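This is run-v6.tsv (TSV, C-alpha atoms).
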```tsv
chain	number	residue	atom	x	y	z
A	1	MET	CA	99.06	75.22	-9.22
A	2	ASN	CA	96.77	72.87	-7.40
A	3	ARG	CA	97.75	70.98	-4.25
A	4	TYR	CA	99.27	68.15	-6.31
A	5	GLY	CA	101.69	70.50	-8.08
A	6	ARG	CA	99.82	70.39	-11.40
A	7	PRO	CA	98.64	73.49	-13.21
A	8	ARG	CA	94.97	74.36	-12.71
A	9	ALA	CA	92.60	73.39	-15.45
A	10	GLY	CA	91.73	76.35	-17.67
A	11	ARG	CA	88.28	77.55	-18.44
A	12	PRO	CA	86.03	74.99	-20.04
A	13	VAL	CA	86.75	76.31	-23.53
A	14	LEU	CA	84.67	73.66	-25.26
A	15	LEU	CA	81.62	74.60	-23.19
A	16	ILE	CA	82.07	78.31	-23.92
A	17	VAL	CA	82.52	77.71	-27.66
A	18	GLY	CA	79.46	75.43	-27.61
A	19	LEU	CA	77.33	78.07	-25.88
A	20	LEU	CA	78.46	80.79	-28.28
A	21	ALA	CA	77.87	78.61	-31.34
A	22	ALA	CA	74.47	77.37	-30.13
A	23	GLY	CA	73.33	80.87	-29.16
A	24	ALA	CA	74.44	82.44	-32.45
A	25	THR	CA	72.92	79.63	-34.55
A	26	LEU	CA	69.61	79.66	-32.68
A	27	THR	CA	69.37	83.45	-32.85
A	28	TRP	CA	70.19	83.53	-36.58
A	29	PHE	CA	67.80	80.68	-37.47
A	30	SER	CA	64.87	81.98	-35.44
A	31	GLY	CA	65.56	85.58	-36.50
A	32	ALA	CA	65.18	84.58	-40.15
A	33	HIS	CA	61.87	82.83	-39.43
A	34	LEU	CA	60.74	85.79	-37.32
A	35	ALA	CA	61.28	88.08	-40.32
A	36	TYR	CA	59.03	85.84	-42.45
A	37	ALA	CA	56.40	85.43	-39.70
A	38	THR	CA	56.10	89.20	-39.27
A	39	GLY	CA	55.98	89.82	-43.02
A	40	LEU	CA	59.26	91.73	-43.11
A	41	ALA	CA	60.86	89.22	-45.49
A	42	GLY	CA	59.64	86.97	-48.26
A	43	THR	CA	56.94	87.30	-50.88
A	44	PRO	CA	53.45	87.81	-49.42
A	45	GLY	CA	50.58	85.93	-51.00
A	46	HIS	CA	47.72	83.48	-50.48
A	47	LEU	CA	47.32	79.72	-50.77
A	48	ARG	CA	44.00	78.32	-51.90
A	49	VAL	CA	43.83	74.87	-50.25
A	50	GLU	CA	42.79	72.20	-52.75
A	51	ALA	CA	43.69	69.00	-50.88
A	52	CYS	CA	44.96	67.80	-47.54
A	53	VAL	CA	46.45	64.41	-46.71
A	54	TRP	CA	47.66	62.92	-43.44
A	55	GLU	CA	51.02	61.17	-43.38
A	56	HIS	CA	51.70	58.51	-40.74
A	57	VAL	CA	55.28	58.52	-39.46
A	58	GLY	CA	56.39	56.68	-36.34
A	59	GLY	CA	52.89	56.41	-34.90
A	60	HIS	CA	52.12	60.11	-35.44
A	61	ARG	CA	49.96	61.80	-38.05
A	62	TYR	CA	51.16	64.90	-39.88
A	63	PRO	CA	49.00	67.07	-42.16
A	64	HIS	CA	50.14	68.19	-45.62
A	65	CYS	CA	47.86	70.64	-47.41
A	66	SER	CA	48.47	71.72	-50.99
A	67	GLY	CA	47.06	74.15	-53.51
A	68	ILE	CA	47.90	77.15	-55.63
A	69	PHE	CA	50.00	79.97	-54.15
A	70	ARG	CA	49.59	83.42	-55.69
A	71	SER	CA	51.68	86.37	-54.59
A	72	SER	CA	49.82	89.52	-53.61
A	73	ASP	CA	51.20	91.41	-56.60
A	74	GLY	CA	50.38	88.54	-58.99
A	75	THR	CA	53.95	88.03	-60.20
A	76	VAL	CA	54.46	84.61	-58.57
A	77	VAL	CA	52.12	81.63	-59.08
A	78	LYS	CA	53.08	78.22	-57.71
A	79	PRO	CA	50.52	75.52	-58.53
A	80	GLU	CA	52.09	72.80	-56.33
A	81	ALA	CA	52.51	74.75	-53.07
A	82	THR	CA	52.35	72.70	-49.86
A	83	ILE	CA	52.28	73.59	-46.18
A	84	ASP	CA	52.47	71.26	-43.20
A	85	THR	CA	49.46	72.67	-41.38
A	86	ARG	CA	45.94	71.35	-40.99
A	87	LEU	CA	43.62	73.60	-43.00
A	88	PRO	CA	40.08	73.17	-44.33
A	89	VAL	CA	39.90	72.29	-48.04
A	90	GLY	CA	38.64	75.28	-50.02
A	91	SER	CA	40.00	77.84	-47.55
A	92	THR	CA	42.44	80.59	-48.43
A	93	VAL	CA	45.34	81.31	-46.10
A	94	ALA	CA	47.96	84.09	-46.12
A	95	LEU	CA	51.54	82.87	-46.53
A	96	GLN	CA	55.02	84.27	-47.03
A	97	LEU	CA	57.14	82.59	-49.71
A	98	THR	CA	60.64	82.19	-48.25
A	99	ALA	CA	63.96	82.53	-50.07
A	100	SER	CA	64.42	78.74	-49.94
A	101	GLY	CA	61.06	78.14	-51.65
A	102	GLY	CA	59.19	77.13	-48.50
A	103	TYR	CA	56.22	78.85	-46.92
A	104	GLU	CA	55.77	80.55	-43.56
A	105	GLN	CA	52.36	81.39	-42.14
A	106	PRO	CA	52.52	84.96	-40.83
A	107	GLY	CA	50.63	86.13	-37.77
A	108	ILE	CA	50.70	86.72	-34.05
A	109	ALA	CA	51.16	83.09	-33.05
A	110	ALA	CA	54.12	82.48	-35.36
A	111	SER	CA	55.68	85.88	-34.63
A	112	CYS	CA	55.53	85.45	-30.86
A	113	GLY	CA	56.80	81.87	-31.09
A	114	TRP	CA	59.81	82.81	-33.21
A	115	LEU	CA	60.45	85.84	-31.00
A	116	ALA	CA	60.55	83.57	-27.94
A	117	ILE	CA	63.03	81.23	-29.63
A	118	SER	CA	65.23	84.12	-30.78
A	119	LEU	CA	65.27	85.50	-27.22
A	120	LEU	CA	66.27	82.05	-25.98
A	121	GLY	CA	69.14	82.14	-28.48
A	122	LEU	CA	70.17	85.57	-27.19
A	123	MET	CA	70.10	84.25	-23.61
A	124	VAL	CA	72.36	81.31	-24.52
A	125	LEU	CA	74.67	83.69	-26.38
A	126	LEU	CA	74.76	86.04	-23.37
A	127	ILE	CA	75.58	83.17	-21.01
A	128	GLY	CA	78.41	82.15	-23.36
A	129	ILE	CA	79.74	85.71	-23.43
A	130	LEU	CA	79.53	85.98	-19.63
A	131	ALA	CA	81.39	82.69	-19.27
A	132	ALA	CA	84.07	83.79	-21.75
A	133	CYS	CA	84.57	87.17	-20.04
A	134	SER	CA	84.61	85.90	-16.47
A	135	LYS	CA	87.86	85.50	-14.61
A	136	ALA	CA	88.98	81.99	-13.82
A	137	GLY	CA	87.55	80.90	-10.49
A	138	GLU	CA	85.21	83.88	-10.19
A	139	ARG	CA	81.67	82.94	-9.22
A	140	ARG	CA	80.03	86.37	-8.98
A	141	VAL	CA	78.17	88.02	-11.83
A	142	ALA	CA	77.41	91.73	-11.96
A	143	ARG	CA	73.85	92.64	-11.02
A	144	SER	CA	73.27	94.47	-14.34
A	145	ARG	CA	74.09	91.30	-16.28
A	146	LEU	CA	71.73	89.26	-14.15
A	147	VAL	CA	68.99	91.87	-14.66
A	148	LEU	CA	69.54	91.69	-18.42
A	149	LEU	CA	69.36	87.89	-18.36
A	150	GLY	CA	66.23	87.98	-16.19
A	151	SER	CA	64.57	90.54	-18.45
A	152	LEU	CA	65.28	88.43	-21.53
A	153	SER	CA	63.80	85.43	-19.71
A	154	ALA	CA	60.65	87.31	-18.72
A	155	VAL	CA	60.04	88.69	-22.23
A	156	MET	CA	60.73	85.26	-23.73
A	157	LEU	CA	58.19	83.59	-21.45
A	158	LEU	CA	55.61	86.30	-22.11
A	159	SER	CA	56.13	85.97	-25.86
A	160	ALA	CA	55.78	82.18	-25.65
A	161	LEU	CA	52.57	82.57	-23.63
A	162	VAL	CA	51.04	85.06	-26.08
A	163	GLY	CA	52.08	82.91	-29.04
A	164	GLY	CA	50.66	79.77	-27.44
A	165	VAL	CA	47.32	81.40	-26.61
A	166	ALA	CA	47.10	82.93	-30.09
A	167	GLY	CA	47.90	79.56	-31.66
A	168	MET	CA	45.31	77.72	-29.57
A	169	THR	CA	42.60	80.24	-30.44
A	170	ASP	CA	43.59	80.22	-34.13
A	171	ALA	CA	44.27	83.94	-34.04
A	172	PHE	CA	46.48	84.86	-36.94
```

Could you quickly redo this structure as structure tokens?
Amino acid sequence: MNRYGRPRAGRPVLLIVGLLAAGATLTWFSGAHLAYATGLAGTPGHLRVEACVWEHVGGHRYPHCSGIFRSSDGTVVKPEATIDTRLPVGSTVALQLTASGGYEQPGIAASCGWLAISLLGLMVLLIGILAACSKAGERRVARSRLVLLGSLSAVMLLSALVGGVAGMTDAF
């Protein structure tokens, strides 16, 4: 009971559920893309770029390159494949065909970027779990949990840095 004789407000359940849902969704979504970016999922192949156009939306320009996608084993050929990346016409780029029919460009930049986002999802999920398991009114967190959270943060930032540098230098 508080000083006005009313029962104390419980844990912020909506916040905890939101953290858990956001963390799980972000981890699942980025984990799926990480599997494609590392080549662990999807159909590997190559896209021969035949044309690129720039679309203007809201004052921004977005590239759309298209061509013929051929799987590495030759079983899949998609003549109208498109990817939203700026590529030179006539070039050939490695891609992974996803289960939804889209394309993911594998490589270090994409892998590190999706790893960073999946680690962010794990951090949000961990914060939600810590909030759900804490006792009402308790403000202290065990040192081991803080070390885990800090380690996830450090690896996430390192992965984002490596992915950003690899992306800027066009290292695939």

Contact residues around Gly101 in chain A with only C-alpha atoms at 12 Å, ignoring same-chain residues under 2 positions, as a PyMOL selection string:
chain A and resi 42-43+69+76+78+80-83+95-99+103-104

Axis-aligned box for all listed atoms of range 118-123 of chain A, 3 Å per side, centre and edges in Å to one decimal, as JSON:
```
{"center_x": 67.7, "center_y": 83.8, "center_z": -27.2, "size_x": 10.9, "size_y": 9.5, "size_z": 13.2}
```

Check the smallest atom-to-atom distance from each of A:Thr85, A:Ser71, A:Ser159, A:Leu126 to Gln105 in chain A using only C-alpha atoms, then report the winner.
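Looking only at the distances to Gln105 in chain A, the closest residue turns out to be A:Thr85.
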
Could you list, as a VMD selection string, every residue within 9 Å of Gly31 in chain A, counting all atoms listed in the file and ignoring same-chain residues fewer than 4 positions away?
chain A and resid 26 to 27 35 to 36 114 to 115 117 to 118

Excluding Leu20 in chain A and its own-chain neighbours fewer than 6 positions away, which residues fall within 9 Å of it when counting all atoms listed in the file? Please give them as a ChimeraX atom specification.
/A:124-129

Please, could you write that set of residues out with C-alpha atoms as a compact mmCIF listing (two decimals), in the coordinates of the input?
```txt
# COMPACT_ATOMS: atom_id res chain seq x y z
CA VAL A 124 72.36 81.31 -24.52
CA LEU A 125 74.67 83.69 -26.38
CA LEU A 126 74.76 86.04 -23.37
CA ILE A 127 75.58 83.17 -21.01
CA GLY A 128 78.41 82.15 -23.36
CA ILE A 129 79.74 85.71 -23.43
```

Choose the residue, out of A:Val77, A:Ala37, A:Ile16, A:Val93, that has the smallest atom-to-atom separation from Val49 in chain A; count only C-alpha atoms.
A:Val93

Residue among A:Leu14, A:Ser30, A:Ile108, A:Gly58 lying closest to Met168 in chain A, counting all atoms listed in the file:
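Counting all atoms listed in the file, the residue closest to Met168 in chain A is A:Ile108.
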
Env of Leu119 in chain A: 8 Å cut, atoms = all atoms listed in the file, seq-sep filter 2 positions within chain, self excluded. Answer as a list in words.
Thr27, Leu115, Ala116, Ile117, Gly121, Leu122, Met123, Leu152, Ser153, Val155 and Met156 of chain A

Within 12 Å of (52.5, 69.0, -46.1) in the file's own coordinates, which protein, DNA or RNA residues have an atom, counting all atoms listed in the file? List them as a PyMOL selection string.
chain A and resi 49+51-56+61-67+80-87+102-103

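Our summary of the geometry notes that CA of Leu158 in chain A is positioned 8.8 Å from CA of Cys112 in chain A.
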
Of A:Leu120, A:Val17, A:His46, A:Pro12, the one sitting nearest Ser151 in chain A when using only C-alpha atoms is A:Leu120

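Here CA of Gly39 in chain A is placed at a distance of 28.8 Å from CA of Gly150 in chain A.
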
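Using only C-alpha atoms for every distance, the candidate list A:Gly107, A:Leu130, A:His33, A:Val13 yields A:Gly107 as the residue closest to Gly163 in chain A.
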
Name the closest residue to Arg145 in chain A among the candidates A:Ala41, A:Leu19, A:Ala131, A:Ala160; distances are taken between atoms, counting only C-alpha atoms.
A:Ala131

Between CA of Val89 in chain A and CA of Thr38 in chain A, what distance in Å does the model show, to one decimal?
25.0 Å
